[in-house]
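Visitor: My file is input27.txt. It has compact mmCIF, C-alpha atoms:
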```
# COMPACT_ATOMS: atom_id res chain seq x y z
CA MET A 15 0.00 0.00 0.00
CA ASN A 16 1.31 3.42 -0.85
CA LEU A 17 1.33 6.32 1.51
CA ILE A 18 1.40 9.16 -0.94
CA PRO A 19 -0.66 12.25 -0.42
CA TRP A 20 -3.67 12.09 -2.67
CA LYS A 21 -3.88 14.35 -5.62
CA ASN A 22 -7.42 13.52 -6.61
CA LYS A 23 -9.87 14.76 -4.02
CA GLN A 24 -13.05 14.22 -5.95
CA SER A 25 -14.18 11.10 -4.19
CA ASP A 26 -14.79 11.39 -0.48
CA GLU A 27 -16.22 7.89 -0.17
CA PRO A 28 -14.32 5.67 2.23
CA SER A 29 -13.15 2.56 0.45
CA ARG A 30 -13.91 -0.72 2.15
CA GLY A 31 -12.52 -3.24 -0.27
CA GLY A 32 -14.23 -4.43 -3.39
CA THR A 33 -17.99 -4.74 -3.78
CA LEU A 34 -17.60 -8.46 -4.36
CA ALA A 35 -15.72 -8.91 -1.12
CA ALA A 36 -18.43 -7.00 0.72
CA LEU A 37 -21.14 -9.18 -0.79
CA ARG A 38 -19.27 -12.28 0.17
CA THR A 39 -18.99 -11.12 3.77
CA ASP A 40 -22.73 -10.42 3.80
CA VAL A 41 -23.61 -13.85 2.44
CA ASP A 42 -21.26 -15.54 4.89
CA ARG A 43 -22.88 -13.67 7.72
CA LEU A 44 -26.36 -14.58 6.48
CA PHE A 45 -25.59 -18.30 6.41
CA ASP A 46 -23.84 -18.19 9.70
CA THR A 47 -26.72 -16.39 11.41
CA PHE A 48 -29.18 -18.84 9.93
CA PHE A 49 -27.36 -21.90 11.18
CA ARG A 50 -26.90 -20.49 14.62
CA GLU A 51 -30.33 -19.00 15.17
CA PRO A 52 -32.70 -20.13 12.40
CA LEU A 53 -35.57 -17.90 13.48
CA GLY A 54 -34.09 -15.91 16.29
CA ASN A 55 -32.53 -13.17 14.26
CA LEU A 56 -34.64 -11.72 11.51
CA GLU A 57 -32.66 -8.56 11.04
CA TRP A 58 -31.85 -7.50 7.51
CA PRO A 59 -28.43 -8.99 7.02
CA PHE A 60 -27.36 -7.10 3.91
CA GLY A 61 -25.69 -3.79 3.59
CA ASP A 62 -23.72 -1.82 6.04
CA SER A 63 -26.04 -0.48 8.67
CA GLY A 64 -23.12 1.43 10.14
CA ARG A 65 -22.99 -0.82 13.15
CA TRP A 66 -20.19 -3.06 14.21
CA SER A 67 -19.72 -5.51 16.98
CA PRO A 68 -16.47 -6.64 18.45
CA ALA A 69 -15.14 -10.14 17.90
CA VAL A 70 -15.44 -12.27 21.01
CA ASP A 71 -13.66 -15.37 22.31
CA VAL A 72 -15.29 -17.52 24.96
CA ALA A 73 -13.11 -20.13 26.63
CA GLU A 74 -13.58 -22.35 29.63
CA THR A 75 -11.40 -24.26 32.03
CA ASP A 76 -12.47 -26.33 34.99
CA GLN A 77 -12.39 -23.25 37.21
CA GLU A 78 -13.68 -20.38 35.10
CA VAL A 79 -15.16 -19.07 31.90
CA THR A 80 -13.19 -16.33 30.14
CA VAL A 81 -14.80 -13.94 27.69
CA ARG A 82 -12.40 -11.82 25.67
CA ALA A 83 -13.35 -9.11 23.20
CA GLU A 84 -11.20 -7.04 20.89
CA VAL A 85 -12.27 -3.44 21.30
CA PRO A 86 -9.38 -1.27 20.12
CA GLY A 87 -9.82 2.46 20.49
CA ILE A 88 -12.57 2.37 23.07
CA GLU A 89 -12.11 4.29 26.26
CA PRO A 90 -12.68 2.09 29.31
CA GLY A 91 -15.37 4.49 30.53
CA GLN A 92 -17.43 3.80 27.44
CA LEU A 93 -17.62 0.08 27.99
CA ASP A 94 -20.53 -1.45 29.81
CA VAL A 95 -20.57 -5.03 31.07
CA THR A 96 -23.77 -6.43 32.60
CA LEU A 97 -24.55 -9.93 33.80
CA THR A 98 -28.24 -10.79 34.00
CA GLY A 99 -28.83 -14.38 34.98
CA ARG A 100 -26.63 -16.28 32.52
CA GLN A 101 -26.61 -13.55 29.87
CA LEU A 102 -23.52 -11.44 29.67
CA VAL A 103 -24.15 -8.18 27.84
CA LEU A 104 -21.31 -6.09 26.43
CA SER A 105 -22.17 -2.66 25.14
CA GLY A 106 -20.30 0.49 24.35
CA GLU A 107 -19.45 3.00 21.75
CA LYS A 108 -16.40 3.54 19.61
CA LYS A 109 -15.84 7.13 18.60
CA GLU A 110 -14.08 8.09 15.42
CA SER A 111 -10.42 8.56 16.11
CA PHE A 112 -10.27 11.99 14.53
CA GLU A 113 -12.91 14.62 14.03
CA LYS A 114 -13.95 14.95 10.47
CA SER A 115 -13.15 18.28 8.94
CA GLY A 116 -14.17 19.17 5.43
CA LYS A 117 -10.75 19.37 3.87
CA ASP A 118 -9.22 16.13 5.03
CA PHE A 119 -9.18 13.13 2.82
CA ARG A 120 -9.46 9.80 4.49
CA GLN A 121 -9.39 6.11 3.85
CA VAL A 122 -11.30 4.26 6.53
CA GLU A 123 -10.99 0.57 7.27
CA SER A 124 -12.01 0.42 10.89
CA ARG A 125 -15.58 0.64 12.07
CA TYR A 126 -17.16 3.08 14.45
CA GLY A 127 -20.41 3.37 16.34
CA SER A 128 -22.19 1.75 19.24
CA PHE A 129 -22.52 -1.96 19.73
CA ARG A 130 -24.25 -4.44 21.97
CA ARG A 131 -23.53 -8.12 22.25
CA THR A 132 -25.24 -10.73 24.36
CA ILE A 133 -23.26 -13.83 25.22
CA PRO A 134 -24.94 -16.81 26.86
CA LEU A 135 -22.80 -18.40 29.57
CA PRO A 136 -22.83 -21.97 30.84
CA GLU A 137 -25.09 -22.78 33.77
CA THR A 138 -22.41 -23.52 36.31
CA ILE A 139 -21.11 -19.98 36.76
CA ASP A 140 -20.92 -18.01 39.99
CA PRO A 141 -22.43 -14.60 39.16
CA ASP A 142 -21.11 -12.94 42.32
CA LYS A 143 -17.46 -13.23 41.41
CA VAL A 144 -17.29 -11.74 37.92
CA SER A 145 -14.31 -9.53 37.15
CA ALA A 146 -13.60 -7.43 34.08
CA GLU A 147 -10.31 -5.95 32.96
CA PHE A 148 -9.40 -3.75 30.01
CA ALA A 149 -5.86 -3.58 28.69
CA HIS A 150 -4.41 -2.55 25.33
CA GLY A 151 -7.70 -2.70 23.50
CA VAL A 152 -8.70 -6.12 24.78
CA LEU A 153 -11.50 -6.59 27.32
CA THR A 154 -11.22 -9.71 29.48
CA ILE A 155 -14.10 -10.89 31.65
CA ARG A 156 -13.54 -13.77 34.05
CA VAL A 157 -16.50 -15.63 35.46
CA PRO A 158 -15.56 -18.31 38.01
CA LYS A 159 -17.55 -21.50 38.01
CA SER A 160 -19.41 -22.41 41.16
CA PRO A 161 -18.10 -25.56 42.79
CA VAL A 162 -20.06 -28.49 41.55
CA ALA A 163 -21.34 -30.80 44.27
CA PRO A 164 -19.51 -34.13 44.07
CA PRO A 165 -21.63 -36.91 42.66
CA LYS A 166 -23.55 -38.66 45.40
CA GLN A 167 -23.59 -42.39 45.59
CA ILE A 168 -27.07 -43.75 46.19
CA GLN A 169 -27.43 -47.07 47.86
CA VAL A 170 -29.80 -49.40 46.13
CA GLN A 171 -32.03 -51.05 48.65
CA VAL A 172 -32.88 -54.57 47.85
CA GLY A 173 -36.61 -54.96 48.34
CA GLY A 174 -38.45 -58.26 48.90
CA ASN A 175 -36.90 -61.62 49.43
CA ARG A 176 -35.00 -62.90 46.42
CA ASP A 177 -34.41 -66.35 47.92
CA SER A 178 -37.51 -68.39 47.84
CA MET B 11 -19.38 -25.94 11.92
CA SER B 12 -16.07 -24.54 12.93
CA ASN B 13 -15.95 -21.23 14.68
CA ASP B 14 -12.71 -20.48 12.94
CA ALA B 15 -14.66 -19.77 9.77
CA ARG B 16 -15.90 -16.59 11.36
CA ILE B 17 -12.52 -15.12 12.13
CA THR B 18 -12.78 -11.60 10.88
CA LYS B 19 -9.19 -10.49 10.70
CA ASN B 20 -7.33 -10.29 7.43
CA GLU B 21 -4.12 -12.17 6.99
CA ALA B 22 -1.03 -10.13 6.37
CA GLU B 23 -0.36 -9.78 2.66
CA ASN B 24 3.35 -10.00 2.66
CA SER B 25 5.21 -10.98 5.75
CA SER B 26 7.73 -12.95 3.76
CA SER B 27 10.24 -10.13 3.64
CA ALA B 28 10.82 -10.61 7.33
CA GLU B 29 11.53 -14.08 8.63
CA GLN B 30 9.15 -14.81 11.46
CA THR B 31 10.70 -16.02 14.63
CA ARG B 32 7.38 -17.11 16.11
CA CYS B 33 5.00 -19.59 14.67
CA GLY B 34 1.37 -18.74 14.14
CA GLN B 35 -0.75 -16.56 11.96
CA CYS B 36 0.13 -12.97 11.13
CA TYR B 37 -2.65 -10.45 10.68
CA ARG B 38 -3.04 -7.23 8.76
CA PRO B 39 -4.30 -4.47 11.02
CA ASN B 40 -7.14 -2.26 9.87
CA VAL B 41 -5.88 1.26 9.31
CA ASP B 42 -7.47 4.63 8.83
CA ILE B 43 -5.43 7.10 6.85
CA ILE B 44 -6.19 10.77 7.19
CA GLU B 45 -4.50 13.46 5.15
CA LYS B 46 -4.20 16.83 6.82
CA SER B 47 -2.66 19.92 5.36
CA ASP B 48 0.71 19.32 7.01
CA GLU B 49 0.78 15.61 7.74
CA LEU B 50 -0.62 12.17 7.11
CA LEU B 51 -2.08 10.26 10.01
CA VAL B 52 -2.12 6.47 10.02
CA VAL B 53 -4.35 4.99 12.71
CA ALA B 54 -4.01 1.22 13.07
CA ASP B 55 -6.06 -1.11 15.26
CA VAL B 56 -3.66 -3.44 17.04
CA PRO B 57 -5.68 -4.89 19.93
CA GLY B 58 -3.56 -6.80 22.42
CA ALA B 59 -0.28 -5.14 21.49
CA THR B 60 1.50 -2.97 24.03
CA GLY B 61 3.68 0.00 23.25
CA ASP B 62 6.81 -2.06 23.92
CA SER B 63 5.79 -4.86 21.61
CA ILE B 64 5.28 -2.65 18.57
CA ASP B 65 8.10 -2.06 16.11
CA VAL B 66 7.84 0.68 13.54
CA ASP B 67 10.68 0.64 11.02
CA PHE B 68 11.48 2.87 8.11
CA GLU B 69 13.88 1.46 5.57
CA ASP B 70 14.29 1.96 1.81
CA GLY B 71 11.15 4.01 1.55
CA ALA B 72 9.02 1.36 3.26
CA LEU B 73 7.32 1.91 6.57
CA THR B 74 6.71 -1.34 8.43
CA ILE B 75 4.47 -1.88 11.42
CA ARG B 76 5.11 -5.05 13.36
CA ALA B 77 3.21 -5.68 16.59
CA ALA B 78 3.67 -8.77 18.73
CA VAL B 79 0.62 -10.07 20.55
CA ALA B 80 0.71 -12.68 23.29
CA PRO B 81 -0.67 -15.94 21.90
CA ARG B 82 -3.88 -17.53 23.09
CA GLU B 83 -3.70 -19.90 26.02
CA ASP B 84 -4.05 -23.41 24.75
CA ASN B 85 -5.10 -25.14 27.93
CA ARG B 86 -8.68 -24.01 27.48
CA ASN B 87 -11.72 -25.37 25.85
CA TYR B 88 -12.96 -22.69 23.45
CA LEU B 89 -16.72 -22.35 23.19
CA LEU B 90 -16.58 -19.46 20.73
CA ARG B 91 -13.63 -18.24 18.74
CA GLU B 92 -14.34 -15.24 16.60
CA TYR B 93 -10.98 -13.63 16.21
CA GLY B 94 -7.54 -14.81 15.44
CA VAL B 95 -4.75 -14.05 17.88
CA GLY B 96 -1.44 -13.38 16.27
CA ASP B 97 1.08 -10.72 15.45
CA PHE B 98 0.19 -7.77 13.26
CA PHE B 99 2.20 -6.87 10.21
CA ARG B 100 1.71 -4.27 7.51
CA THR B 101 4.00 -2.39 5.16
CA PHE B 102 3.43 0.94 3.45
CA ARG B 103 5.47 2.54 0.72
CA VAL B 104 6.15 6.10 1.71
CA SER B 105 6.71 8.68 -0.99
CA GLU B 106 9.36 11.37 -0.91
CA ALA B 107 6.69 13.88 -0.06
CA ILE B 108 6.93 12.59 3.51
CA ASP B 109 9.67 13.72 5.84
CA ALA B 110 10.74 10.26 6.99
CA GLY B 111 13.05 11.58 9.68
CA LYS B 112 10.17 13.12 11.60
CA ILE B 113 7.76 10.18 11.66
CA SER B 114 6.46 9.67 15.18
CA ALA B 115 4.24 7.01 16.73
CA GLN B 116 2.18 6.53 19.85
CA CYS B 117 -0.02 3.72 21.11
CA ALA B 118 -3.05 3.84 23.42
CA ASP B 119 -5.86 1.36 24.11
CA GLY B 120 -4.81 -0.95 21.30
CA VAL B 121 -4.67 1.81 18.70
CA LEU B 122 -1.38 2.83 17.10
CA THR B 123 -1.21 6.36 15.70
CA LEU B 124 1.56 7.32 13.30
CA HIS B 125 2.23 10.94 12.38
CA LEU B 126 3.92 11.38 9.00
CA PRO B 127 4.76 15.04 8.47
CA LYS B 128 4.92 16.19 4.89
CA ALA B 129 8.35 17.19 3.61
CA GLU B 130 9.20 20.85 3.41
CA ALA B 131 9.91 20.35 -0.29
CA ALA B 132 6.37 19.14 -0.84
CA LYS B 133 4.82 22.18 0.81
CA PRO B 134 4.15 25.18 -1.40
CA ARG B 135 6.80 27.82 -0.83
CA LYS B 136 7.34 31.35 -2.01
CA ILE B 137 10.81 32.40 -3.04
CA ALA B 138 11.84 35.97 -2.60
CA VAL B 139 13.55 37.53 -5.59
CA GLN B 140 16.57 39.70 -4.75
CA SER B 141 17.05 42.73 -6.90
CA ALA B 142 20.67 43.44 -7.85
```
For the structure just supplied, provide its representation as structure tokens.

Guide:
Amino acid sequence: MNLIPWKNKQSDEPSRGGTLAALRTDVDRLFDTFFREPLGNLEWPFGDSGRWSPAVDVAETDQEVTVRAEVPGIEPGQLDVTLTGRQLVLSGEKKESFEKSGKDFRQVESRYGSFRRTIPLPETIDPDKVSAEFAHGVLTIRVPKSPVAPPKQIQVQVGGNRDS
Amino acid sequence: MSNDARITKNEAENSSSAEQTRCGQCYRPNVDIIEKSDELLVVADVPGATGDSIDVDFEDGALTIRAAVAPREDNRNYLLREYGVGDFFRTFRVSEAIDAGKISAQCADGVLTLHLPKAEAAKPRKIAVQSA
């Protein structure tokens, strides 16, 4: 990619890759949404509604569930993490890095705007001990699992008299 | 259906010029480029990289951003994996209209900002004519 000051300032449209690539992303998203939630999500999947949502990793070990989201450029004060029952809700807003002034030309690849994501968590979590940490553009939420009661052995009583 | 199919990051186009010393995928950071009257701003999203782990080099007219990111822990069972974790790499060719000696960089909250001031030669200048 060349970093040469632009001579042609006619087009002010941000370029986001080719149209074909954009269509492919849309179709991928449509299929993916369908297989995950066949009827749950009936939002119009095509086109750029101007919204974005951060990519999320959910991992579990025997002790805890870790949710990690890539949210570069968001100030920690503009991130909201809520746990309702087993639903973890991440919301926030990413502001444009630089104010738009009429004369500047720009090529924009990153996405801005507000987002909201709901992540279902496994049943065995302990909602009182959630912790969230934000460092270098990555949000990490740790949810410890509640200790599972050890399996209980049940004695089988032998009823009746088997010897006749 | 594998979650890996949803990974949204782009792979780096050309990391072959530099031999990688770590295994794993290399990603191309999303950048915004803003031209102002006196400088170009390059704003790159490098989530997970710290200021110390980012290398910005300028050599032979090429500006290279290389950001190391700590790899994912492997001892976990992933329920959802939407993004790839790996180093970031991207190269830009910088024209002579940029004053390469004055390029500066700063990193905050996973966003790297590069300031590329335009060269004095590229700025319009008026020359005074001396009368003999």

Visitor: From the list B:Leu73, B:Ala129, B:Leu89, B:Val66, which residue is nearest chain A when using only C-alpha atoms?

Guide: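 Looking only at the distances to chain A, the closest residue turns out to be B:Leu89.
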
Visitor: Closest to Glu83 in chain B among A:Gln167, A:Ser124, A:Thr96, A:Thr80, using all atoms listed in the file?

Guide: A:Thr80

Visitor: For His150 in chain A, which residue out of B:Leu51, B:Val95, B:Ala131, B:Val56 is the nearest one, using only C-alpha atoms?

Guide: B:Val56

Visitor: For a quick test of understanding: name the residues of chain B lying within 7 Å of chain A when counting only C-alpha atoms, and present them as a CSV table (one decimal) with C-alpha atoms, in the coordinates of the input.

Guide:
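Generated file (result.csv):
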```
chain,number,residue,atom,x,y,z
B,40,ASN,CA,-7.1,-2.3,9.9
B,41,VAL,CA,-5.9,1.3,9.3
B,42,ASP,CA,-7.5,4.6,8.8
B,43,ILE,CA,-5.4,7.1,6.8
B,44,ILE,CA,-6.2,10.8,7.2
B,45,GLU,CA,-4.5,13.5,5.2
B,46,LYS,CA,-4.2,16.8,6.8
B,55,ASP,CA,-6.1,-1.1,15.3
B,56,VAL,CA,-3.7,-3.4,17.0
B,57,PRO,CA,-5.7,-4.9,19.9
B,58,GLY,CA,-3.6,-6.8,22.4
B,59,ALA,CA,-0.3,-5.1,21.5
B,60,THR,CA,1.5,-3.0,24.0
B,86,ARG,CA,-8.7,-24.0,27.5
B,87,ASN,CA,-11.7,-25.4,25.8
B,88,TYR,CA,-13.0,-22.7,23.4
B,89,LEU,CA,-16.7,-22.4,23.2
B,90,LEU,CA,-16.6,-19.5,20.7
B,91,ARG,CA,-13.6,-18.2,18.7
B,92,GLU,CA,-14.3,-15.2,16.6
B,93,TYR,CA,-11.0,-13.6,16.2
B,101,THR,CA,4.0,-2.4,5.2
B,102,PHE,CA,3.4,0.9,3.4
B,103,ARG,CA,5.5,2.5,0.7
B,104,VAL,CA,6.2,6.1,1.7
B,105,SER,CA,6.7,8.7,-1.0
B,118,ALA,CA,-3.0,3.8,23.4
B,119,ASP,CA,-5.9,1.4,24.1
B,120,GLY,CA,-4.8,-1.0,21.3
B,121,VAL,CA,-4.7,1.8,18.7
```

Visitor: How many Å separate CA of Asp65 in chain B from CA of Ile113 in chain B?

Guide: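 Spanning CA of Asp65 in chain B to CA of Ile113 in chain B is a straight-line distance of 13.0 Å.
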
Visitor: If you count all atoms listed in the file, which residues fall within 12 Å of Val95 in chain A, apart from same-chain ones fewer than 2 positions away, as a ChimeraX atom specification?

Guide: /A:81-83,90-93,97-98,101-106,129-133,144-148,153-156

Visitor: Which distance in Å separates CA of Arg38 in chain A and CA of Ser128 in chain A, to one decimal?

Guide: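 Between these atoms lies a distance of 23.9 Å.
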
Visitor: Expressed in Å to a single decimal, how great is the separation between CA of Glu137 in chain A and CA of Val157 in chain A?

Guide: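 We find that CA of Glu137 in chain A and CA of Val157 in chain A lie 11.3 Å from each other.
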
Visitor: Taking all atoms listed in the file into account, which of B:Pro81, B:Gly111, B:Pro39, B:Gly94 comes nearest Asp67 in chain B?

Guide: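 The shortest atom-to-atom distance to Asp67 in chain B comes from B:Gly111.
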
Visitor: Measuring atom to atom with only C-alpha atoms, identify which of B:Ala78, B:Gly96, B:Cys117, B:Glu49 is nearest to Gly61 in chain B.

Guide: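 Among B:Ala78, B:Gly96, B:Cys117, B:Glu49, it is B:Cys117 that comes nearest to Gly61 in chain B.
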